[in-house]
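Participant: For reference, the file entry_9.csv (CSV, C-alpha atoms) is included below:
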```
chain,number,residue,atom,x,y,z
A,1,MET,CA,-42.1,-3.8,5.9
A,2,GLN,CA,-42.5,-7.1,7.7
A,3,SER,CA,-44.1,-8.7,4.7
A,4,VAL,CA,-41.2,-7.6,2.5
A,5,GLU,CA,-38.6,-9.0,4.9
A,6,ARG,CA,-40.5,-12.3,5.2
A,7,ALA,CA,-40.8,-12.6,1.4
A,8,LEU,CA,-37.0,-12.1,1.1
A,9,ASP,CA,-36.5,-14.7,3.8
A,10,VAL,CA,-38.5,-17.2,1.7
A,11,LEU,CA,-36.4,-16.5,-1.4
A,12,GLU,CA,-33.2,-16.8,0.5
A,13,ALA,CA,-34.4,-20.1,2.0
A,14,LEU,CA,-35.0,-21.4,-1.5
A,15,ALA,CA,-31.5,-20.2,-2.6
A,16,GLU,CA,-29.8,-21.9,0.3
A,17,HIS,CA,-31.5,-25.2,-0.6
A,18,GLY,CA,-30.0,-25.0,-4.1
A,19,GLY,CA,-33.0,-23.1,-5.6
A,20,GLU,CA,-35.7,-25.6,-4.7
A,21,ALA,CA,-37.3,-26.6,-1.4
A,22,GLY,CA,-40.4,-28.1,0.2
A,23,LEU,CA,-42.7,-26.2,2.5
A,24,SER,CA,-41.3,-27.8,5.6
A,25,GLU,CA,-37.7,-26.9,4.6
A,26,ILE,CA,-38.7,-23.3,4.1
A,27,ALA,CA,-40.5,-23.2,7.4
A,28,ALA,CA,-37.4,-24.7,9.2
A,29,ARG,CA,-35.1,-22.1,7.6
A,30,THR,CA,-37.3,-19.1,8.2
A,31,GLY,CA,-39.2,-20.0,11.3
A,32,LEU,CA,-42.4,-18.7,9.8
A,33,PRO,CA,-45.8,-20.3,10.2
A,34,TYR,CA,-47.0,-22.5,7.3
A,35,GLY,CA,-50.0,-20.2,6.7
A,36,THR,CA,-47.7,-17.1,6.4
A,37,ILE,CA,-45.4,-19.0,4.0
A,38,HIS,CA,-48.4,-20.1,1.8
A,39,ARG,CA,-49.6,-16.4,1.5
A,40,LEU,CA,-46.1,-15.2,0.6
A,41,LEU,CA,-45.7,-18.0,-1.9
A,42,ARG,CA,-49.0,-17.2,-3.6
A,43,THR,CA,-47.8,-13.6,-4.2
A,44,LEU,CA,-44.3,-14.7,-5.4
A,45,LEU,CA,-45.9,-17.3,-7.7
A,46,ALA,CA,-48.2,-14.7,-9.2
A,47,ARG,CA,-45.2,-12.4,-9.9
A,48,GLY,CA,-43.0,-15.1,-11.4
A,49,TYR,CA,-40.4,-15.0,-8.7
A,50,VAL,CA,-41.2,-18.6,-7.6
A,51,ARG,CA,-42.7,-21.5,-9.5
A,52,GLN,CA,-44.2,-24.8,-8.2
A,53,GLU,CA,-42.9,-28.1,-9.5
A,54,SER,CA,-45.0,-31.1,-10.3
A,55,ASP,CA,-44.0,-32.7,-6.9
A,56,ARG,CA,-45.4,-29.6,-5.2
A,57,ARG,CA,-41.9,-28.3,-4.2
A,58,TYR,CA,-41.2,-24.7,-4.8
A,59,ALA,CA,-38.3,-23.3,-6.9
A,60,LEU,CA,-36.9,-19.9,-7.7
A,61,GLY,CA,-38.7,-18.6,-10.8
A,62,GLY,CA,-37.7,-16.9,-14.0
A,63,GLY,CA,-38.6,-13.4,-12.8
A,64,LEU,CA,-35.4,-13.4,-10.8
A,65,VAL,CA,-33.3,-13.9,-14.0
A,66,ARG,CA,-34.4,-10.5,-15.2
A,67,LEU,CA,-33.5,-8.9,-11.9
A,68,GLY,CA,-30.3,-10.8,-11.7
A,69,GLY,CA,-29.2,-9.7,-15.2
A,70,VAL,CA,-29.6,-6.0,-14.3
A,71,ALA,CA,-28.0,-6.5,-10.9
A,72,GLY,CA,-25.0,-8.3,-12.4
A,73,GLY,CA,-24.4,-5.2,-14.6
A,74,MET,CA,-24.6,-3.0,-11.6
A,75,VAL,CA,-22.1,-5.2,-9.6
A,76,GLY,CA,-19.6,-4.5,-12.4
A,77,THR,CA,-20.1,-0.8,-12.0
A,78,TRP,CA,-19.7,-0.9,-8.2
A,79,ALA,CA,-16.6,-3.0,-8.6
A,80,ARG,CA,-14.6,-0.6,-10.8
A,81,PRO,CA,-13.2,1.7,-8.0
A,82,TYR,CA,-12.1,-1.4,-6.1
A,83,LEU,CA,-10.5,-3.0,-9.1
A,84,ALA,CA,-8.7,0.3,-9.8
A,85,GLN,CA,-7.2,0.0,-6.2
A,86,LEU,CA,-6.0,-3.5,-7.1
A,87,VAL,CA,-4.3,-2.1,-10.2
A,88,GLU,CA,-2.6,0.6,-8.2
A,89,LEU,CA,-1.6,-2.1,-5.6
A,90,SER,CA,-0.1,-4.6,-8.1
A,91,GLY,CA,0.5,-2.7,-11.3
A,92,GLU,CA,-1.4,-5.5,-13.1
A,93,THR,CA,-4.9,-6.0,-14.7
A,94,ALA,CA,-7.6,-6.6,-12.1
A,95,ASN,CA,-10.7,-8.7,-12.7
A,96,LEU,CA,-14.0,-9.5,-10.9
A,97,ALA,CA,-15.6,-12.9,-11.5
A,98,VAL,CA,-18.6,-14.8,-10.3
A,99,LEU,CA,-19.8,-18.4,-10.6
A,100,GLU,CA,-22.8,-18.9,-12.8
A,101,GLY,CA,-23.8,-22.5,-12.8
A,102,ASP,CA,-20.7,-24.5,-13.5
A,103,PHE,CA,-18.8,-21.7,-15.2
A,104,VAL,CA,-16.8,-18.7,-14.1
A,105,VAL,CA,-17.9,-15.5,-15.7
A,106,TYR,CA,-15.8,-12.3,-15.8
A,107,VAL,CA,-18.1,-9.4,-15.0
A,108,ALA,CA,-15.7,-6.4,-14.6
A,109,GLN,CA,-12.1,-5.5,-15.4
A,110,VAL,CA,-9.7,-2.6,-15.0
A,111,LEU,CA,-6.6,-2.8,-17.2
A,112,SER,CA,-3.0,-2.4,-16.2
A,113,PRO,CA,-1.4,0.9,-17.4
A,114,ARG,CA,1.6,-1.1,-18.7
A,115,ARG,CA,2.1,-1.7,-22.4
A,116,LEU,CA,2.3,-5.5,-22.0
A,117,ARG,CA,-0.8,-6.4,-20.0
A,118,MET,CA,-3.3,-9.2,-19.7
A,119,PHE,CA,-6.9,-8.9,-21.1
A,120,ALA,CA,-9.9,-11.1,-20.3
A,121,GLU,CA,-13.0,-10.1,-22.1
A,122,VAL,CA,-15.9,-9.1,-19.8
A,123,GLY,CA,-18.6,-11.7,-20.2
A,124,ARG,CA,-16.1,-14.5,-21.0
A,125,ARG,CA,-17.0,-17.9,-19.5
A,126,VAL,CA,-14.4,-20.4,-18.4
A,127,LEU,CA,-14.3,-23.6,-16.4
A,128,PRO,CA,-13.2,-23.0,-12.8
A,129,HIS,CA,-10.5,-25.7,-12.4
A,130,SER,CA,-7.9,-23.8,-14.4
A,131,THR,CA,-8.3,-20.3,-13.0
A,132,ALA,CA,-7.4,-18.6,-9.7
A,133,VAL,CA,-10.9,-17.0,-9.6
A,134,GLY,CA,-12.5,-20.4,-10.1
A,135,LYS,CA,-10.5,-22.0,-7.4
A,136,VAL,CA,-11.5,-19.2,-4.9
A,137,LEU,CA,-15.2,-19.5,-5.8
A,138,LEU,CA,-15.2,-23.3,-5.5
A,139,ALA,CA,-13.1,-23.3,-2.3
A,140,GLY,CA,-16.0,-21.3,-0.7
A,141,ARG,CA,-18.4,-24.1,-1.5
A,142,PRO,CA,-18.8,-27.5,0.3
A,143,PRO,CA,-16.3,-30.1,-1.1
A,144,ALA,CA,-19.2,-32.3,-2.4
A,145,GLU,CA,-20.5,-29.3,-4.4
A,146,ALA,CA,-17.1,-28.7,-6.0
A,147,LYS,CA,-16.7,-32.4,-6.8
A,148,ALA,CA,-20.1,-32.4,-8.5
A,149,VAL,CA,-19.0,-29.5,-10.7
A,150,PHE,CA,-15.9,-31.3,-11.8
A,151,GLU,CA,-17.9,-34.5,-12.5
A,152,ARG,CA,-20.3,-32.5,-14.7
A,153,THR,CA,-17.7,-30.4,-16.6
A,154,GLY,CA,-14.7,-32.7,-16.7
A,155,MET,CA,-11.4,-31.1,-16.1
A,156,PRO,CA,-9.9,-30.5,-19.6
A,157,ARG,CA,-6.2,-29.8,-19.8
A,158,ARG,CA,-5.8,-26.2,-20.9
A,159,THR,CA,-1.9,-26.2,-20.6
A,160,PRO,CA,0.7,-28.6,-19.4
A,161,ASN,CA,0.3,-26.9,-16.0
A,162,THR,CA,-3.5,-27.5,-15.6
A,163,ILE,CA,-4.5,-29.7,-12.7
A,164,VAL,CA,-6.7,-32.4,-14.2
A,165,ASP,CA,-6.9,-34.9,-11.3
A,166,GLN,CA,-10.0,-34.5,-9.2
A,167,SER,CA,-8.3,-35.5,-5.9
A,168,ALA,CA,-5.4,-33.1,-6.5
A,169,MET,CA,-7.8,-30.3,-7.3
A,170,LEU,CA,-9.8,-30.9,-4.1
A,171,ALA,CA,-6.6,-30.8,-2.1
A,172,GLU,CA,-5.7,-27.6,-3.9
A,173,LEU,CA,-9.1,-26.1,-2.9
A,174,ASP,CA,-8.3,-27.1,0.8
A,175,ALA,CA,-5.0,-25.2,0.4
A,176,VAL,CA,-6.8,-22.2,-1.0
A,177,GLN,CA,-9.2,-22.1,1.9
A,178,ALA,CA,-6.4,-22.4,4.4
A,179,ARG,CA,-4.2,-19.6,3.0
A,180,GLY,CA,-7.0,-17.3,1.8
A,181,TYR,CA,-6.0,-16.9,-1.8
A,182,ALA,CA,-5.6,-18.9,-5.0
A,183,LEU,CA,-3.0,-19.1,-7.8
A,184,ASP,CA,-3.2,-19.8,-11.5
A,185,LEU,CA,0.4,-20.6,-12.5
A,186,GLY,CA,0.0,-20.8,-16.2
A,187,GLU,CA,-2.9,-23.3,-15.9
A,188,GLU,CA,-5.3,-21.4,-18.1
A,189,GLU,CA,-2.8,-19.8,-20.4
A,190,LEU,CA,1.0,-20.4,-20.6
A,191,GLY,CA,3.0,-17.4,-19.5
A,192,VAL,CA,0.1,-15.8,-17.5
A,193,HIS,CA,0.0,-16.0,-13.7
A,194,CYS,CA,-2.9,-14.8,-11.5
A,195,LEU,CA,-3.6,-14.4,-7.8
A,196,ALA,CA,-7.2,-14.2,-6.6
A,197,VAL,CA,-9.0,-13.6,-3.3
A,198,PRO,CA,-12.6,-14.1,-2.3
A,199,VAL,CA,-15.3,-11.4,-2.0
A,200,ARG,CA,-17.6,-12.2,0.9
A,201,ASP,CA,-21.1,-11.2,1.9
A,202,GLY,CA,-20.9,-12.2,5.5
A,203,ASP,CA,-19.7,-15.8,5.5
A,204,ARG,CA,-20.6,-16.5,1.8
A,205,VAL,CA,-18.2,-16.2,-1.0
A,206,VAL,CA,-20.1,-14.2,-3.7
A,207,ALA,CA,-17.3,-13.3,-6.1
A,208,ALA,CA,-13.6,-13.4,-6.7
A,209,MET,CA,-11.1,-10.6,-7.4
A,210,SER,CA,-7.9,-11.2,-9.2
A,211,VAL,CA,-4.8,-9.6,-10.6
A,212,SER,CA,-3.2,-11.2,-13.7
A,213,GLY,CA,-0.1,-10.5,-15.7
A,214,PRO,CA,3.0,-11.9,-17.3
A,215,ALA,CA,4.4,-14.8,-15.2
A,216,GLU,CA,7.7,-13.1,-14.5
A,217,ARG,CA,6.1,-9.9,-13.2
A,218,ILE,CA,3.5,-11.7,-11.0
A,219,ASP,CA,6.3,-14.0,-9.6
A,220,GLY,CA,8.3,-11.0,-8.7
A,221,LEU,CA,5.7,-9.8,-6.3
A,222,ASP,CA,5.5,-10.9,-2.6
A,223,ARG,CA,2.4,-13.2,-2.8
A,224,ASP,CA,1.5,-13.0,0.9
A,225,GLU,CA,1.9,-9.3,1.0
A,226,LEU,CA,-0.1,-8.8,-2.3
A,227,ALA,CA,-2.9,-11.2,-1.1
A,228,GLU,CA,-3.2,-9.3,2.2
A,229,GLY,CA,-3.6,-6.0,0.4
A,230,MET,CA,-6.1,-7.6,-2.0
A,231,ARG,CA,-8.1,-9.0,0.9
A,232,LYS,CA,-8.5,-5.6,2.4
A,233,ILE,CA,-9.8,-4.2,-0.9
A,234,ALA,CA,-12.1,-7.2,-1.3
A,235,LEU,CA,-13.4,-6.7,2.2
A,236,GLY,CA,-14.4,-3.1,1.3
A,237,PHE,CA,-16.2,-4.3,-1.8
A,238,GLY,CA,-17.9,-7.1,0.1
A,239,GLY,CA,-19.6,-4.4,2.1
A,240,GLU,CA,-21.5,-3.3,-1.0
A,241,PHE,CA,-23.4,-6.6,-0.8
A,242,GLY,CA,-24.6,-6.2,2.8
A,243,PRO,CA,-27.8,-4.7,4.0
A,244,VAL,CA,-28.0,-1.0,4.2
A,245,PRO,CA,-28.6,0.3,7.8
A,246,ALA,CA,-32.0,1.8,8.4
A,247,GLY,CA,-32.2,5.5,7.7
A,248,HIS,CA,-29.5,5.4,5.0
```
Taking this structure as input, can you express it in the form of structure tokens?
Facilitator:
Amino acid sequence: MQSVERALDVLEALAEHGGEAGLSEIAARTGLPYGTIHRLLRTLLARGYVRQESDRRYALGGGLVRLGGVAGGMVGTWARPYLAQLVELSGETANLAVLEGDFVVYVAQVLSPRRLRMFAEVGRRVLPHSTAVGKVLLAGRPPAEAKAVFERTGMPRRTPNTIVDQSAMLAELDAVQARGYALDLGEEELGVHCLAVPVRDGDRVVAAMSVSGPAERIDGLDRDELAEGMRKIALGFGGEFGPVPAGH
């Protein structure tokens, strides 16, 4: 069991360094001896979960993509009961989204029972700057990382309400971090408003949950009260990402 834990420590160290790290960085993060790290890396290299770059640094390998794809599908399954709670709370369509590279991807959805309702196709990829879920996901990252995303993708104007100035968006992310939820007030699609909250695994924001609907219905809700209820549901879902206690 100790070897499994240490191998996972190595993978998590690589992830925390952006997917690539040198031996000394892995050692500093894990506290493991160099010899132990070398042995673990040899096994992970052989299984394709780690690769070695030409500069001898180590990077997460393609074997994790296969596992990640399956796990992503499972996350959508785990989310459905929690999204159903969001629908019951708000009366509106509920979504779960994650950040993949520079894009937001919708991975699960439960539709509102109302005849006029919003629909975002599961698997749809959008840029983060014009969506409430994207703002939540980037507000959980260091400002420099969010800025780098905007510089790579640009900030195209989706509607007249889209924030397209980088400084204004970074200030918006600070506001999201302070109040604990994000808004999309017709910034991705005119007439559609959304409110999103973070899903956390410990201190890390790993996903975002949102409710979306016609602007007049969303605006008729008490935002702070809705966000508080959503945070409680997101907290429960975040527990799905944590370690399982021994014996369970």
Participant: Could you tell me how far atom CA of Leu111 of chain A sits from atom CA of Ala207 of chain A, in Å to one decimal place?
Facilitator: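 Separating atom CA of Ala207 of chain A from atom CA of Leu111 of chain A is a distance of 18.7 Å.
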Participant: Return the single residue from A:Leu32, A:Ala227, A:Leu99, A:Val206 that is closest to Arg179 of chain A, with distances computed using only C-alpha atoms.
Facilitator: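 Closest residue, counting only C-alpha atoms: A:Ala227.
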Participant: Residues proximal to (-11.8, -12.0, -12.7) were defined as those with any atom within 12 Å of that point in the file's coordinates, counting only C-alpha atoms. Which are they, as a tab-separated table (two decimals) with C-alpha atoms, in the coordinates of the input?
Facilitator:
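File produced: part19.tsv:
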```tsv
chain	number	residue	atom	x	y	z
A	76	GLY	CA	-19.60	-4.50	-12.40
A	79	ALA	CA	-16.60	-3.00	-8.60
A	80	ARG	CA	-14.60	-0.60	-10.80
A	83	LEU	CA	-10.50	-3.00	-9.10
A	86	LEU	CA	-6.00	-3.50	-7.10
A	93	THR	CA	-4.90	-6.00	-14.70
A	94	ALA	CA	-7.60	-6.60	-12.10
A	95	ASN	CA	-10.70	-8.70	-12.70
A	96	LEU	CA	-14.00	-9.50	-10.90
A	97	ALA	CA	-15.60	-12.90	-11.50
A	98	VAL	CA	-18.60	-14.80	-10.30
A	99	LEU	CA	-19.80	-18.40	-10.60
A	104	VAL	CA	-16.80	-18.70	-14.10
A	105	VAL	CA	-17.90	-15.50	-15.70
A	106	TYR	CA	-15.80	-12.30	-15.80
A	107	VAL	CA	-18.10	-9.40	-15.00
A	108	ALA	CA	-15.70	-6.40	-14.60
A	109	GLN	CA	-12.10	-5.50	-15.40
A	110	VAL	CA	-9.70	-2.60	-15.00
A	111	LEU	CA	-6.60	-2.80	-17.20
A	118	MET	CA	-3.30	-9.20	-19.70
A	119	PHE	CA	-6.90	-8.90	-21.10
A	120	ALA	CA	-9.90	-11.10	-20.30
A	121	GLU	CA	-13.00	-10.10	-22.10
A	122	VAL	CA	-15.90	-9.10	-19.80
A	123	GLY	CA	-18.60	-11.70	-20.20
A	124	ARG	CA	-16.10	-14.50	-21.00
A	125	ARG	CA	-17.00	-17.90	-19.50
A	126	VAL	CA	-14.40	-20.40	-18.40
A	128	PRO	CA	-13.20	-23.00	-12.80
A	131	THR	CA	-8.30	-20.30	-13.00
A	132	ALA	CA	-7.40	-18.60	-9.70
A	133	VAL	CA	-10.90	-17.00	-9.60
A	134	GLY	CA	-12.50	-20.40	-10.10
A	135	LYS	CA	-10.50	-22.00	-7.40
A	136	VAL	CA	-11.50	-19.20	-4.90
A	137	LEU	CA	-15.20	-19.50	-5.80
A	184	ASP	CA	-3.20	-19.80	-11.50
A	194	CYS	CA	-2.90	-14.80	-11.50
A	195	LEU	CA	-3.60	-14.40	-7.80
A	196	ALA	CA	-7.20	-14.20	-6.60
A	197	VAL	CA	-9.00	-13.60	-3.30
A	198	PRO	CA	-12.60	-14.10	-2.30
A	199	VAL	CA	-15.30	-11.40	-2.00
A	207	ALA	CA	-17.30	-13.30	-6.10
A	208	ALA	CA	-13.60	-13.40	-6.70
A	209	MET	CA	-11.10	-10.60	-7.40
A	210	SER	CA	-7.90	-11.20	-9.20
A	211	VAL	CA	-4.80	-9.60	-10.60
A	212	SER	CA	-3.20	-11.20	-13.70
```
Participant: Between atom CA of Gly238 of chain A and atom CA of His129 of chain A, what is the spacing in Å?
Facilitator: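 Separating atom CA of His129 of chain A from atom CA of Gly238 of chain A is a distance of 23.6 Å.
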Participant: One decimal, Å: what's the distance from atom CA of Leu44 of chain A over to atom CA of Ala15 of chain A, could you say?
Facilitator: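 We find that atom CA of Leu44 of chain A and atom CA of Ala15 of chain A lie 14.2 Å from each other.
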Participant: Any idea what's packed within 12 Å of Glu53 of chain A, counting all atoms listed in the file, ignoring anything in its chain fewer than 4 positions away? Could you give it as a list of chain:residue names?
Facilitator: A:Gly19, A:Glu20, A:Ala21, A:Gly22, A:Leu45, A:Arg57, A:Tyr58, A:Ala59, A:Leu60, A:Gly61
Participant: Calculated over all atoms listed in the file, which of the candidates A:Arg157, A:Arg204, A:Arg51, A:Arg6 has the smallest distance to Leu190 of chain A?
Facilitator: A:Arg157
Participant: Looking at all atoms listed in the file, which of A:Asp201, A:Asp219, A:Asp102, A:Glu172 is the one that sits closest to Leu185 of chain A?
Facilitator: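 Nearest candidate to Leu185 of chain A out of A:Asp201, A:Asp219, A:Asp102, A:Glu172: A:Asp219.
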Participant: Looking at A:Ala171, A:Glu189, A:Glu151, A:Gly91, which one is nearest to Gly220 of chain A, with distances taken over all atoms listed in the file?
Facilitator: A:Gly91
Participant: Please list as a PyMOL selection string every residue within 8 Å of Ile163 of chain A, counting all atoms listed in the file and excluding residues in the same chain fewer than 3 positions away.
Facilitator: chain A and resi 129-130+155+157+168-169+187
Participant: Around the point (-41.7, -11.7, -10.1) in the file's coordinates, collect all residues with an atom within 7 Å, using all atoms listed in the file, and return them as a PyMOL selection string.
Facilitator: chain A and resi 44+47-49+63-64
Participant: Let me make sure I understand: among A:Ser112, A:Ser24, A:Ser90, A:Ser54, which one has the smallest atom-to-atom distance to Arg223 of chain A if we use all atoms listed in the file?
Facilitator: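 Smallest distance to Arg223 of chain A is found for A:Ser90.
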Participant: Between A:Leu138, A:Leu40, A:Val192, A:Ala234, which is the closest to Gln2 of chain A once you count only C-alpha atoms?
Facilitator: A:Leu40
Participant: Determine, counting only C-alpha atoms, which protein, DNA and RNA residues have an atom within 12 Å of an atom of Ala148 of chain A; residues of the same chain fewer than 4 positions away are not included. Present the result as a list in words.
Facilitator: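 Result of the neighbour search: Gly101, Asp102, Leu138, Arg141, Pro142, Pro143, Ala144, Arg152, Thr153, Gly154, Met155, Gln166 and Leu170 of chain A.
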Participant: Can you fill out segment 158-168 of chain A with all heavy atoms and hand it back as an mmCIF file, keeping the file's coordinate frame?
Facilitator:
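The result, written out as part.cif:
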```
data_model
loop_
_atom_site.group_PDB
_atom_site.id
_atom_site.type_symbol
_atom_site.label_atom_id
_atom_site.label_comp_id
_atom_site.auth_asym_id
_atom_site.auth_seq_id
_atom_site.Cartn_x
_atom_site.Cartn_y
_atom_site.Cartn_z
ATOM 1 N N ARG A 158 -5.909 -27.399 -20.127
ATOM 2 C CA ARG A 158 -5.800 -26.200 -20.900
ATOM 3 C C ARG A 158 -4.299 -25.947 -21.299
ATOM 4 O O ARG A 158 -4.008 -25.421 -22.361
ATOM 5 C CB ARG A 158 -6.271 -24.981 -20.098
ATOM 6 C CG ARG A 158 -7.754 -25.034 -19.787
ATOM 7 C CD ARG A 158 -8.576 -24.676 -20.997
ATOM 8 N NE ARG A 158 -8.306 -23.296 -21.415
ATOM 9 C CZ ARG A 158 -8.603 -22.806 -22.609
ATOM 10 N NH1 ARG A 158 -9.143 -23.584 -23.527
ATOM 11 N NH2 ARG A 158 -8.343 -21.539 -22.893
ATOM 12 N N THR A 159 -3.393 -26.288 -20.395
ATOM 13 C CA THR A 159 -1.900 -26.200 -20.600
ATOM 14 C C THR A 159 -1.296 -27.365 -19.931
ATOM 15 O O THR A 159 -1.954 -28.082 -19.175
ATOM 16 C CB THR A 159 -1.357 -24.879 -20.068
ATOM 17 O OG1 THR A 159 -1.218 -25.004 -18.646
ATOM 18 C CG2 THR A 159 -2.218 -23.662 -20.400
ATOM 19 N N PRO A 160 0.003 -27.572 -20.134
ATOM 20 C CA PRO A 160 0.700 -28.600 -19.400
ATOM 21 C C PRO A 160 0.622 -28.454 -17.878
ATOM 22 O O PRO A 160 0.836 -29.407 -17.118
ATOM 23 C CB PRO A 160 2.122 -28.570 -19.893
ATOM 24 C CG PRO A 160 2.022 -27.966 -21.255
ATOM 25 C CD PRO A 160 0.893 -26.976 -21.154
ATOM 26 N N ASN A 161 0.324 -27.225 -17.406
ATOM 27 C CA ASN A 161 0.300 -26.900 -16.000
ATOM 28 C C ASN A 161 -1.083 -27.148 -15.334
ATOM 29 O O ASN A 161 -1.223 -27.063 -14.116
ATOM 30 C CB ASN A 161 0.729 -25.499 -15.708
ATOM 31 C CG ASN A 161 2.140 -25.233 -16.174
ATOM 32 O OD1 ASN A 161 2.978 -26.133 -16.160
ATOM 33 N ND2 ASN A 161 2.414 -24.009 -16.602
ATOM 34 N N THR A 162 -2.117 -27.385 -16.134
ATOM 35 C CA THR A 162 -3.500 -27.500 -15.600
ATOM 36 C C THR A 162 -3.608 -28.744 -14.713
ATOM 37 O O THR A 162 -3.148 -29.832 -15.073
ATOM 38 C CB THR A 162 -4.492 -27.628 -16.761
ATOM 39 O OG1 THR A 162 -4.296 -26.576 -17.683
ATOM 40 C CG2 THR A 162 -5.920 -27.573 -16.231
ATOM 41 N N ILE A 163 -4.218 -28.564 -13.555
ATOM 42 C CA ILE A 163 -4.500 -29.700 -12.700
ATOM 43 C C ILE A 163 -5.751 -30.407 -13.219
ATOM 44 O O ILE A 163 -6.833 -29.813 -13.306
ATOM 45 C CB ILE A 163 -4.763 -29.218 -11.232
ATOM 46 C CG1 ILE A 163 -3.536 -28.489 -10.685
ATOM 47 C CG2 ILE A 163 -5.127 -30.402 -10.328
ATOM 48 C CD1 ILE A 163 -3.750 -27.836 -9.329
ATOM 49 N N VAL A 164 -5.591 -31.667 -13.594
ATOM 50 C CA VAL A 164 -6.700 -32.400 -14.200
ATOM 51 C C VAL A 164 -7.128 -33.608 -13.365
ATOM 52 O O VAL A 164 -8.039 -34.342 -13.755
ATOM 53 C CB VAL A 164 -6.339 -32.862 -15.641
ATOM 54 C CG1 VAL A 164 -6.137 -31.653 -16.538
ATOM 55 C CG2 VAL A 164 -5.096 -33.739 -15.646
ATOM 56 N N ASP A 165 -6.487 -33.826 -12.234
ATOM 57 C CA ASP A 165 -6.900 -34.900 -11.300
ATOM 58 C C ASP A 165 -7.791 -34.345 -10.251
ATOM 59 O O ASP A 165 -7.459 -33.358 -9.582
ATOM 60 C CB ASP A 165 -5.615 -35.515 -10.680
ATOM 61 C CG ASP A 165 -5.966 -36.592 -9.673
ATOM 62 O OD1 ASP A 165 -6.296 -37.714 -10.102
ATOM 63 O OD2 ASP A 165 -5.918 -36.301 -8.456
ATOM 64 N N GLN A 166 -8.951 -34.983 -10.088
ATOM 65 C CA GLN A 166 -10.000 -34.500 -9.200
ATOM 66 C C GLN A 166 -9.458 -34.429 -7.734
ATOM 67 O O GLN A 166 -9.671 -33.431 -7.015
ATOM 68 C CB GLN A 166 -11.238 -35.275 -9.279
ATOM 69 C CG GLN A 166 -12.397 -34.677 -8.520
ATOM 70 C CD GLN A 166 -13.664 -35.501 -8.676
ATOM 71 O OE1 GLN A 166 -14.153 -36.079 -7.723
ATOM 72 N NE2 GLN A 166 -14.191 -35.558 -9.886
ATOM 73 N N SER A 167 -8.785 -35.475 -7.299
ATOM 74 C CA SER A 167 -8.300 -35.500 -5.900
ATOM 75 C C SER A 167 -7.265 -34.407 -5.679
ATOM 76 O O SER A 167 -7.269 -33.756 -4.624
ATOM 77 C CB SER A 167 -7.673 -36.877 -5.608
ATOM 78 O OG SER A 167 -8.658 -37.892 -5.674
ATOM 79 N N ALA A 168 -6.396 -34.196 -6.661
ATOM 80 C CA ALA A 168 -5.400 -33.100 -6.500
ATOM 81 C C ALA A 168 -6.060 -31.767 -6.492
ATOM 82 O O ALA A 168 -5.629 -30.885 -5.741
ATOM 83 C CB ALA A 168 -4.400 -33.219 -7.691
#
```
